[in-house]
Each structure stands twice: as C-alpha cells, then as structure tokens.
Amino acid sequence: MKKLSALLLAFAMMLTMLSVASADDVQVIRMWSNDQHDQSVIKEKIEAFNATIGKENGIAVEYTVYGSDYYSTLDVAVTSKEGPDIFKCNKIGNYAEAGYILPWEEIPALSTLVERFSSYNASGYGEFFGQTYSVPIRVTTYGIACNNQIFEENNLELPKTWAEMEEAARVITQNSRGRKYGYALAMGYGSYHYFYVTLANGASVGDEYFNHTTGRYDFASLSGFLKHVRTFIDDGSMFPGYESMNGDTARAQFSAGNIGMIGVMSSDVTTFKNQFPCDFEWTMIPYPVADAEHYYKKPVGVSMSYVIGEAAKNYTDKVALFLNYLYSDEVFLATSDAQVDISILGNEITSQSTATDIDPNWLRFSDMDTFCIKYPNPDSNLFIEGDTYQDVISKILTGIEPDIDGALKALDEKYNAALDAAVANGKVVLSDYIDPDIAEKMQPVK
C-alpha cells in the first residue's frame with residue numbers, strides 16, 4: 001500500500017512538473033487600451049485567437065481595458081519599465097525618442113502591415129524619426145444628427161447648406177415657442193472645436209486651418225464658419241447653456257426630443273441605442289457646406305492605434321503574429337458589423353459584409369467616399385504664448401471676442417511665426433506636413 005501511495009505521489013508530481021513546463025512554453029502578451037466602445041468584440045476575437053493561432057504557436061494574449069485614468073496609468077508603467085507589450089499610445093513621438101517603443105521596420109513579420117497602411121500613415125501619426133512605430137487602422141467620422149420627427153412636423157427638408165441649416169434651426173425654435181431648439185453645440189466637450197468647427201469647415205474651404213498645400217496656417221478660412229455658428233447663438237436657436245454643455249448632456253436632450261440638430265460622431269450610432277435611446281428616427285447628414293455647388297470631402301484624422309513596447313523585444317515574432325491577426329480583414333469586419341469601429345480601409349472592408357441588420361446611419365458614417373483622411377498638423381511642436389486657437393474659437397463663440405476676422409488674423413500671425421521658429425530650430429520638418437495630393441484627395445465623389 002505504501003509503494004502504491006509513493007507511486008501515485010510521484011506520478012502526481014510528474015504531472016505537475018509537466019503542467020508547469022507546458023505553461024512556461026506559452027508566451028503571455030499583455031495588451032492595454034482605453035477602448036471601451038469595442039471591448040466586447042475585441043475580447044471575443046482575442047479569445048478566438050488564443051484558442052487557435054495562439055494555442056498552436058504558444059501565445060496567450062491578455063487584454064486589459066482601462067477607464068479615464070488610462071494614459072496616466074500607462075505613463076507610469078512605461079516610464080518605470082513595467083509597461084505592456086502592446087498598447088494604445090498618445091505619446092508615440094516621445095516614447096519613440098526615449099526608446100520605450102519599438103520601430104516596426106526592425107520586425108520583418110510586420111512589413112506587410114507597414115506597406116498595406118503606408119498610404120494612410122504620415123509623420124505625426126505613426127511615423128517618427130523616419131521609422132514606423134504604429135499604423136493607423138480606423139477613423140472616427142462625424143456629421144449632424146437630425147430628428148426626423150421634428151423636421152417632418154415643421155415641413156423642413158434636411159439641410160445641405162449653412163443657410164438652410166440656419167433657417168431650419170430658426171423655424172424649429174420659433175414654431176415650438178421655446179420648447180425645442182434648432183441646434184446644440186456642446187462646447188463642454190473637449191474636442192468640440194475639432195469635430196464640429198475646424199473639420200466641419202473643411203468641406204467648404206478644401207482644407208483644415210493648416211493648409212497642407214502651402215504649409216502655412218490659415219485660420220482666416222474659419223471666418224465664414226464661425227459667423228455661421230454665431231447665427232444660431234444670436235437668433236436664439238442654439239440650445240441654452242451650450243457654453244458649458246458636455247457631450248452627454250447634449251445627447252440626452254436630443255434623445256428626449258428637445259433638439260432638432262446636434263453634432264455627432266460615428267460612435268453615437270450605438271450611443272443612441274444603448275445609453276440615450278431615441279423613440280424617433282434620426283438621420284445623420286454630412287455637415288452642411290457654404291455652397292451646395294462647390295464643396296469638398298469632409299477631412300478626418302486617424303484614430304490613435306497600437307504600438308509595441310520595449311518589453312516585447314525578445315519575442316517580437318509572437319507579437320507580430322498577433323498584430324497581423326488583430327489588423328486582419330476578419331477583425332475589421334467584425335468591429336464594422338458590430339457598428340463600433342470604422343476601418344481606415346473603408347469600402348474595402350464594408351463591401352465584404354453580409355450583415356443584414358446594419359443601421360443606415362452607420363452606413364452613412366462608414367462611407368469613406370464622403371471623407372478624406374488628412375495629414376496631421378504641426379501644432380503640438382509649436383511654442384504658443386497666450387491664447388491658443390482653441391481659446392480664441394471659444395471666445396468668439398461665447399461673445400467674449402466680437403472681432404472674428406481680427407482675432408483670426410492675429411492667430412495666423414502668431415501660429416505662422418511659431419511655425420517658422422520651430423522649422424528654424426529643427427523641431428518641425430515642414431515637408432512632413434505637406435501633402436501634394438490633398439487638393440485631388442478632397443475632390444468629392446458626385
């Protein structure tokens with residue numbers, strides 16, 4: 001009996017040793033992000049990877065999604081050499097210069113990805129110091145959500161021009177006798193000026209406030225648009241409290257039927273189903289333009305993507321295997337069909353879909369024939385004294401700065417002087433921000 005017990009004990013110890021050895025053969029890859037909107041889809045695809053490709057190649061991906069403290073948590077981890085292997089990054093240039101992240105050119109198995117997305121990449125996006133540290137894979141698009149019921153009740157057509165949008169807002173506000181308002185601009189949302197001012201203006205003038213053809217700042221090109229927005233404010237058709245209203249408050253008021261038009265992003269398709277459900281139909285339209293006969297595509301920047309941390313330097317082949325999966329058509333199609341992400345590849349991905357329950361508004365947001373991916377601007381490399389352009393836009397829209405043209409002229413002088421200084425001291429390489437094809441890219445598909 002003692003011999004049998006000893007044999008069983010020895011066998012159990014051998015199984016334990018084999019189990020430990022097997023676990024040691026698996027390379028755990030830690031991946032971090034703050035992308036809560038697509039978390040369930042990405043988690044499902046990672047689980048599928050771990051059970052198939054990962055299992056076959058000794059890889060297990062651990063995916064962690066953080067909340068609002070993500071970037072501060074990440075910075076502490078990265079700078080203390082405890083960062084993850086793959087992570088969404090907002091300081092690519094800084095981390096690349098410090099050696100915290102790895103260039104993709106040094107990982108042969110990523111060459112196909114680098115090439116496939118090269119036409120969408122640029123210095124300031126995923127390219128720094130002549131090397132690739134990330135590739136852009138998705139975009140966030142924007143537009144105006146119109147409450148169909150309110151438009152029908154007021155016998156209004158969906159607007160195509162600024163003038164039509166202003167008239168619609170006036171009619172909605174006047175006919176409701178102050179119970180409803182025509183338009184809401186949530187200035188409490190930190191990026192309102194980006195999505196609903198500077199980008200929205202681009203379709204009327206052909207570029208953003210930085211001209212990617214001339215390489216000069218052109219804030220004066222915002223004059224017409226800012227006067228257009230001031231019209232809603234001056235005639236009382238702007239929802240009260242817009243100066244400090246955050247995005248969720250504006251969405252809640254829209255979903256309650258109190259606003260005719262509101263600026264929206266592609267992520268709002270699911271927001272208006274889950275967080276702020278609407279009991280009416282709404283339609284996303286591209287932000288109207290100054291002239292219905294002469295207009296351009298809507299400029300859009302790329303969303304932040306993943307980098308490879310220095311922690312992965314000894315198993316980059318395994319990291320590359322996973323990234324090739326994460327950036328595959330299979331995953332892009334899954335997030336598109338779930339209506340949570342828009343692939344930068346646009347119709348190349350959506351044309352593969354066989355889904356039958358896609359929201360029509362998601363299809364409008366996903367139509368990359370409407371949008372043009374623009375180069376980044378050199379703003380972050382400039383030293384600006386006093387008010388930034390965001391400050392000036394806010395002062396104009398809140399009435400603190402009444403001289404719109406004078407304020408924009410002063411911005412042009414300030415920013416171009418700062419740009420010249422940054423070029424002179426080598427902080428900015430101007431050619432990185434010049435897109436010789438921008439005029440052609442911005443031409444609309446009619």
# chains A, B, ... in the order shown; residues from 1 in each chain; ligands from 1

call {"tool": "select_by_dssp", "arguments": {"residues": "range 94-264 of chain A", "states": "strand (DSSP E or B)", "output": "MDAnalysis selection string"}}
result
chainID A and resid 101 123 127:128 131:132 138:139 142:147 161 181:184 210:211 216:217 238 259:264

call {"tool": "write_last_selection", "arguments": {"atoms": "N, CA and C atoms", "output": "PDB file, in the first residue's frame"}}
result
ATOM      1  N   ILE A 101       9.379  52.305 -27.067  1.00  0.00           N
ATOM      2  CA  ILE A 101       8.634  51.508 -28.039  1.00  0.00           C
ATOM      3  C   ILE A 101       9.540  51.132 -29.210  1.00  0.00           C
ATOM      4  N   SER A 123       4.011  61.325 -40.956  1.00  0.00           N
ATOM      5  CA  SER A 123       4.768  61.821 -39.816  1.00  0.00           C
ATOM      6  C   SER A 123       3.793  62.513 -38.872  1.00  0.00           C
ATOM      7  N   GLU A 127       4.416  57.572 -37.817  1.00  0.00           N
ATOM      8  CA  GLU A 127       5.801  57.666 -38.283  1.00  0.00           C
ATOM      9  C   GLU A 127       6.534  58.783 -37.553  1.00  0.00           C
ATOM     10  N   PHE A 128       7.688  58.428 -36.982  1.00  0.00           N
ATOM     11  CA  PHE A 128       8.514  59.399 -36.264  1.00  0.00           C
ATOM     12  C   PHE A 128       9.987  59.075 -36.507  1.00  0.00           C
ATOM     13  N   GLN A 131      10.924  56.366 -39.037  1.00  0.00           N
ATOM     14  CA  GLN A 131      10.557  54.969 -38.819  1.00  0.00           C
ATOM     15  C   GLN A 131       9.090  54.849 -38.429  1.00  0.00           C
ATOM     16  N   THR A 132       8.545  53.650 -38.611  1.00  0.00           N
ATOM     17  CA  THR A 132       7.144  53.379 -38.292  1.00  0.00           C
ATOM     18  C   THR A 132       7.034  52.771 -36.896  1.00  0.00           C
ATOM     19  N   ARG A 138      -8.115  52.877 -38.091  1.00  0.00           N
ATOM     20  CA  ARG A 138      -9.519  53.250 -38.034  1.00  0.00           C
ATOM     21  C   ARG A 138      -9.676  54.759 -37.955  1.00  0.00           C
ATOM     22  N   VAL A 139     -10.882  55.208 -38.197  1.00  0.00           N
ATOM     23  CA  VAL A 139     -11.201  56.630 -38.134  1.00  0.00           C
ATOM     24  C   VAL A 139     -12.486  56.819 -37.337  1.00  0.00           C
ATOM     25  N   TYR A 142     -17.819  62.041 -38.488  1.00  0.00           N
ATOM     26  CA  TYR A 142     -18.691  62.991 -37.805  1.00  0.00           C
ATOM     27  C   TYR A 142     -19.747  63.524 -38.765  1.00  0.00           C
ATOM     28  N   GLY A 143     -20.748  64.181 -38.204  1.00  0.00           N
ATOM     29  CA  GLY A 143     -21.801  64.769 -39.023  1.00  0.00           C
ATOM     30  C   GLY A 143     -22.831  65.444 -38.140  1.00  0.00           C
ATOM     31  N   ILE A 144     -24.016  65.610 -38.664  1.00  0.00           N
ATOM     32  CA  ILE A 144     -25.123  66.208 -37.931  1.00  0.00           C
ATOM     33  C   ILE A 144     -26.255  65.190 -37.845  1.00  0.00           C
ATOM     34  N   ALA A 145     -26.783  64.980 -36.651  1.00  0.00           N
ATOM     35  CA  ALA A 145     -27.966  64.128 -36.470  1.00  0.00           C
ATOM     36  C   ALA A 145     -29.196  65.014 -36.518  1.00  0.00           C
ATOM     37  N   CYS A 146     -30.154  64.632 -37.356  1.00  0.00           N
ATOM     38  CA  CYS A 146     -31.404  65.382 -37.484  1.00  0.00           C
ATOM     39  C   CYS A 146     -32.561  64.539 -36.971  1.00  0.00           C
ATOM     40  N   ASN A 147     -33.381  65.113 -36.111  1.00  0.00           N
ATOM     41  CA  ASN A 147     -34.577  64.456 -35.600  1.00  0.00           C
ATOM     42  C   ASN A 147     -35.628  64.472 -36.706  1.00  0.00           C
ATOM     43  N   THR A 161     -26.903  73.230 -46.955  1.00  0.00           N
ATOM     44  CA  THR A 161     -26.034  74.408 -46.859  1.00  0.00           C
ATOM     45  C   THR A 161     -26.150  75.040 -45.475  1.00  0.00           C
ATOM     46  N   TYR A 181     -35.243  73.469 -29.502  1.00  0.00           N
ATOM     47  CA  TYR A 181     -34.248  74.351 -30.110  1.00  0.00           C
ATOM     48  C   TYR A 181     -33.681  73.704 -31.363  1.00  0.00           C
ATOM     49  N   GLY A 182     -33.278  74.565 -32.270  1.00  0.00           N
ATOM     50  CA  GLY A 182     -32.835  74.062 -33.563  1.00  0.00           C
ATOM     51  C   GLY A 182     -31.513  73.321 -33.545  1.00  0.00           C
ATOM     52  N   TYR A 183     -30.548  73.823 -32.763  1.00  0.00           N
ATOM     53  CA  TYR A 183     -29.200  73.256 -32.820  1.00  0.00           C
ATOM     54  C   TYR A 183     -28.560  73.292 -31.442  1.00  0.00           C
ATOM     55  N   ALA A 184     -27.661  72.336 -31.199  1.00  0.00           N
ATOM     56  CA  ALA A 184     -26.884  72.327 -29.957  1.00  0.00           C
ATOM     57  C   ALA A 184     -25.423  72.043 -30.274  1.00  0.00           C
ATOM     58  N   PHE A 210      -4.830  74.435 -40.997  1.00  0.00           N
ATOM     59  CA  PHE A 210      -3.453  74.377 -41.505  1.00  0.00           C
ATOM     60  C   PHE A 210      -3.539  73.909 -42.941  1.00  0.00           C
ATOM     61  N   ASN A 211      -2.981  74.704 -43.836  1.00  0.00           N
ATOM     62  CA  ASN A 211      -3.064  74.399 -45.259  1.00  0.00           C
ATOM     63  C   ASN A 211      -1.958  73.419 -45.631  1.00  0.00           C
ATOM     64  N   ARG A 216       1.234  76.611 -44.472  1.00  0.00           N
ATOM     65  CA  ARG A 216       1.019  77.793 -43.632  1.00  0.00           C
ATOM     66  C   ARG A 216      -0.313  77.670 -42.908  1.00  0.00           C
ATOM     67  N   TYR A 217      -0.393  78.309 -41.749  1.00  0.00           N
ATOM     68  CA  TYR A 217      -1.650  78.352 -41.021  1.00  0.00           C
ATOM     69  C   TYR A 217      -2.593  79.342 -41.695  1.00  0.00           C
ATOM     70  N   MET A 238     -29.869  78.367 -30.718  1.00  0.00           N
ATOM     71  CA  MET A 238     -28.899  77.488 -30.074  1.00  0.00           C
ATOM     72  C   MET A 238     -29.429  77.078 -28.701  1.00  0.00           C
ATOM     73  N   ILE A 259     -34.139  68.843 -29.225  1.00  0.00           N
ATOM     74  CA  ILE A 259     -33.206  69.498 -30.146  1.00  0.00           C
ATOM     75  C   ILE A 259     -33.412  68.935 -31.552  1.00  0.00           C
ATOM     76  N   GLY A 260     -33.443  69.806 -32.535  1.00  0.00           N
ATOM     77  CA  GLY A 260     -33.636  69.349 -33.917  1.00  0.00           C
ATOM     78  C   GLY A 260     -32.381  68.801 -34.549  1.00  0.00           C
ATOM     79  N   MET A 261     -31.226  69.434 -34.258  1.00  0.00           N
ATOM     80  CA  MET A 261     -29.960  69.030 -34.862  1.00  0.00           C
ATOM     81  C   MET A 261     -28.849  69.070 -33.834  1.00  0.00           C
ATOM     82  N   ILE A 262     -27.961  68.120 -33.922  1.00  0.00           N
ATOM     83  CA  ILE A 262     -26.846  68.045 -32.978  1.00  0.00           C
ATOM     84  C   ILE A 262     -25.638  67.443 -33.691  1.00  0.00           C
ATOM     85  N   GLY A 263     -24.446  67.910 -33.349  1.00  0.00           N
ATOM     86  CA  GLY A 263     -23.231  67.320 -33.887  1.00  0.00           C
ATOM     87  C   GLY A 263     -23.018  65.932 -33.297  1.00  0.00           C
ATOM     88  N   VAL A 264     -22.667  64.973 -34.153  1.00  0.00           N
ATOM     89  CA  VAL A 264     -22.489  63.589 -33.698  1.00  0.00           C
ATOM     90  C   VAL A 264     -21.242  62.980 -34.323  1.00  0.00           C
TER      91      VAL A 264
END

call {"tool": "closest_residue", "arguments": {"among": "A:Ile59, A:Leu345, A:Met304, A:Val28", "to": "Leu321 in chain A", "atoms": "only C-alpha atoms"}}
result
A:Ile59

call {"tool": "residues_around", "arguments": {"residues": "Glu56 in chain A", "least_positions_apart": "4", "cutoff": "12 Å", "atoms": "only C-alpha atoms", "output": "list in words"}}
result
Asp25, Val26, Gln27, Phe49, Asn50, Ala51, Thr52, Ala60, Lys318 and Leu321 of chain A

call {"tool": "atom_distance", "arguments": {"atom1": "CA of Asn175 in chain A", "atom2": "CA of Gly247 in chain A"}}
result
25.6 Å

call {"tool": "residues_around", "arguments": {"residues": "range 83-93 of chain A", "least_positions_apart": "2", "cutoff": "7 Å", "atoms": "only C-alpha atoms", "output": "list of chain:residue names"}}
result
A:Ile29, A:Arg30, A:Met31, A:Trp32, A:Ser33, A:Leu74, A:Ala77, A:Val78, A:Lys81, A:Tyr95, A:Ala96, A:Glu97, A:Phe128, A:Met304, A:Ser305, A:Tyr306, A:Val307, A:Ile308, A:Gly309, A:Ala311, A:Ala312

call {"tool": "write_last_selection", "arguments": {"atoms": "N, CA and C atoms", "output": "compact mmCIF listing (two decimals), in the first residue's frame"}}
result
# COMPACT_ATOMS: atom_id res chain seq x y z
N ILE A 29 1.28 37.72 -23.84
CA ILE A 29 1.41 39.06 -24.42
C ILE A 29 0.36 39.95 -23.78
N ARG A 30 0.82 41.00 -23.11
CA ARG A 30 -0.09 41.91 -22.44
C ARG A 30 -0.45 43.08 -23.36
N MET A 31 -1.74 43.31 -23.53
CA MET A 31 -2.23 44.38 -24.40
C MET A 31 -3.16 45.29 -23.60
N TRP A 32 -2.89 46.61 -23.67
CA TRP A 32 -3.69 47.59 -22.93
C TRP A 32 -4.33 48.59 -23.89
N SER A 33 -5.52 49.07 -23.51
CA SER A 33 -6.14 50.18 -24.24
C SER A 33 -7.19 50.83 -23.34
N LEU A 74 -0.76 54.37 -17.84
CA LEU A 74 0.17 53.89 -18.86
C LEU A 74 1.52 54.58 -18.73
N ALA A 77 3.58 53.23 -15.92
CA ALA A 77 4.06 51.88 -16.21
C ALA A 77 5.20 51.90 -17.24
N VAL A 78 5.02 52.66 -18.29
CA VAL A 78 6.02 52.70 -19.36
C VAL A 78 7.33 53.30 -18.88
N LYS A 81 9.50 51.10 -16.75
CA LYS A 81 9.90 49.86 -17.41
C LYS A 81 8.99 48.67 -17.05
N TYR A 95 7.70 58.61 -26.71
CA TYR A 95 8.11 57.26 -26.32
C TYR A 95 9.14 56.69 -27.28
N ALA A 96 9.01 57.02 -28.56
CA ALA A 96 9.98 56.54 -29.55
C ALA A 96 11.36 57.14 -29.27
N GLU A 97 11.38 58.44 -28.98
CA GLU A 97 12.65 59.13 -28.72
C GLU A 97 13.33 58.58 -27.47
N PHE A 128 7.69 58.43 -36.98
CA PHE A 128 8.51 59.40 -36.26
C PHE A 128 9.99 59.07 -36.51
N MET A 304 -6.01 57.12 -32.79
CA MET A 304 -4.78 56.56 -32.21
C MET A 304 -4.81 55.04 -32.26
N SER A 305 -3.65 54.45 -32.48
CA SER A 305 -3.58 53.00 -32.64
C SER A 305 -2.51 52.43 -31.71
N TYR A 306 -2.15 51.17 -31.96
CA TYR A 306 -1.27 50.45 -31.04
C TYR A 306 0.21 50.56 -31.40
N VAL A 307 1.03 50.51 -30.36
CA VAL A 307 2.48 50.47 -30.51
C VAL A 307 2.98 49.21 -29.81
N ILE A 308 4.26 48.90 -30.04
CA ILE A 308 4.88 47.72 -29.40
C ILE A 308 5.88 48.21 -28.36
N GLY A 309 5.67 47.82 -27.12
CA GLY A 309 6.54 48.25 -26.04
C GLY A 309 7.87 47.51 -26.03
N ALA A 311 9.14 45.99 -23.77
CA ALA A 311 9.04 44.73 -23.01
C ALA A 311 8.98 43.53 -23.93
N ALA A 312 8.54 43.75 -25.19
CA ALA A 312 8.35 42.64 -26.13
C ALA A 312 9.57 42.38 -27.01

call {"tool": "residues_around", "arguments": {"residues": "Glu164 in chain A", "least_positions_apart": "5", "cutoff": "12 Å", "atoms": "only C-alpha atoms", "output": "PyMOL selection string"}}
result
chain A and resi 156-159+169-171+182+228+232+287-292

call {"tool": "closest_residue", "arguments": {"among": "A:Ala109, A:Gly236, A:Tyr120, A:Thr73", "to": "Glu167 in chain A", "atoms": "only C-alpha atoms"}}
result
A:Gly236

call {"tool": "residues_around", "arguments": {"residues": "Gly215 in chain A", "least_positions_apart": "4", "cutoff": "10 Å", "atoms": "only C-alpha atoms", "output": "list in words"}}
result
Phe210, Asn211, Asn377, Pro378, Asn416, Leu419, Leu430, Ser431, Asp432, Tyr433, Ile434 and Asp435 of chain A

call {"tool": "write_last_selection", "arguments": {"atoms": "N, CA and C atoms", "output": "PDB file, in the first residue's frame"}}
result
ATOM      1  N   PHE A 210      -4.830  74.435 -40.997  1.00  0.00           N
ATOM      2  CA  PHE A 210      -3.453  74.377 -41.505  1.00  0.00           C
ATOM      3  C   PHE A 210      -3.539  73.909 -42.941  1.00  0.00           C
ATOM      4  N   ASN A 211      -2.981  74.704 -43.836  1.00  0.00           N
ATOM      5  CA  ASN A 211      -3.064  74.399 -45.259  1.00  0.00           C
ATOM      6  C   ASN A 211      -1.958  73.419 -45.631  1.00  0.00           C
ATOM      7  N   ASN A 377      -1.444  68.033 -38.271  1.00  0.00           N
ATOM      8  CA  ASN A 377      -0.960  69.415 -38.223  1.00  0.00           C
ATOM      9  C   ASN A 377       0.219  69.503 -37.251  1.00  0.00           C
ATOM     10  N   PRO A 378       1.103  70.495 -37.436  1.00  0.00           N
ATOM     11  CA  PRO A 378       2.296  70.578 -36.572  1.00  0.00           C
ATOM     12  C   PRO A 378       2.071  71.261 -35.234  1.00  0.00           C
ATOM     13  N   ASN A 416       1.982  81.203 -37.452  1.00  0.00           N
ATOM     14  CA  ASN A 416       2.982  81.119 -38.516  1.00  0.00           C
ATOM     15  C   ASN A 416       4.355  81.565 -38.019  1.00  0.00           C
ATOM     16  N   LEU A 419       5.556  78.625 -36.118  1.00  0.00           N
ATOM     17  CA  LEU A 419       5.940  77.583 -37.073  1.00  0.00           C
ATOM     18  C   LEU A 419       7.315  77.868 -37.660  1.00  0.00           C
ATOM     19  N   LEU A 430       9.034  70.761 -42.153  1.00  0.00           N
ATOM     20  CA  LEU A 430       7.802  71.204 -42.798  1.00  0.00           C
ATOM     21  C   LEU A 430       7.311  70.233 -43.862  1.00  0.00           C
ATOM     22  N   SER A 431       8.232  69.591 -44.562  1.00  0.00           N
ATOM     23  CA  SER A 431       7.828  68.664 -45.628  1.00  0.00           C
ATOM     24  C   SER A 431       6.988  67.505 -45.094  1.00  0.00           C
ATOM     25  N   ASP A 432       7.132  67.208 -43.797  1.00  0.00           N
ATOM     26  CA  ASP A 432       6.333  66.138 -43.204  1.00  0.00           C
ATOM     27  C   ASP A 432       4.847  66.473 -43.186  1.00  0.00           C
ATOM     28  N   TYR A 433       4.532  67.746 -43.293  1.00  0.00           N
ATOM     29  CA  TYR A 433       3.139  68.184 -43.182  1.00  0.00           C
ATOM     30  C   TYR A 433       2.568  68.684 -44.513  1.00  0.00           C
ATOM     31  N   ILE A 434       3.336  68.556 -45.555  1.00  0.00           N
ATOM     32  CA  ILE A 434       2.876  68.947 -46.885  1.00  0.00           C
ATOM     33  C   ILE A 434       2.332  67.716 -47.611  1.00  0.00           C
ATOM     34  N   ASP A 435       1.108  67.805 -48.064  1.00  0.00           N
ATOM     35  CA  ASP A 435       0.500  66.719 -48.837  1.00  0.00           C
ATOM     36  C   ASP A 435       0.238  67.251 -50.244  1.00  0.00           C
TER      37      ASP A 435
END

call {"tool": "select_by_dssp", "arguments": {"residues": "range 241-418 of chain A", "states": "helix (DSSP H, G or I)", "output": "ChimeraX atom specification"}}
result
/A:247-255,268-274,310-312,316-326,329-337,347-350,360-366,379-381,389-397,404-418

call {"tool": "atom_distance", "arguments": {"atom1": "CA of Thr388 in chain A", "atom2": "CA of Gly224 in chain A"}}
result
19.6 Å

call {"tool": "residues_around", "arguments": {"residues": "Val229 in chain A", "least_positions_apart": "5", "cutoff": "9 Å", "atoms": "only C-alpha atoms", "output": "list of chain:residue names"}}
result
A:Trp162, A:Glu166, A:Leu185, A:Val197, A:Gly224, A:Asp234, A:Met238, A:Leu397

call {"tool": "atom_distance", "arguments": {"atom1": "CA of Glu281 in chain A", "atom2": "CA of Ile349 in chain A"}}
result
26.8 Å
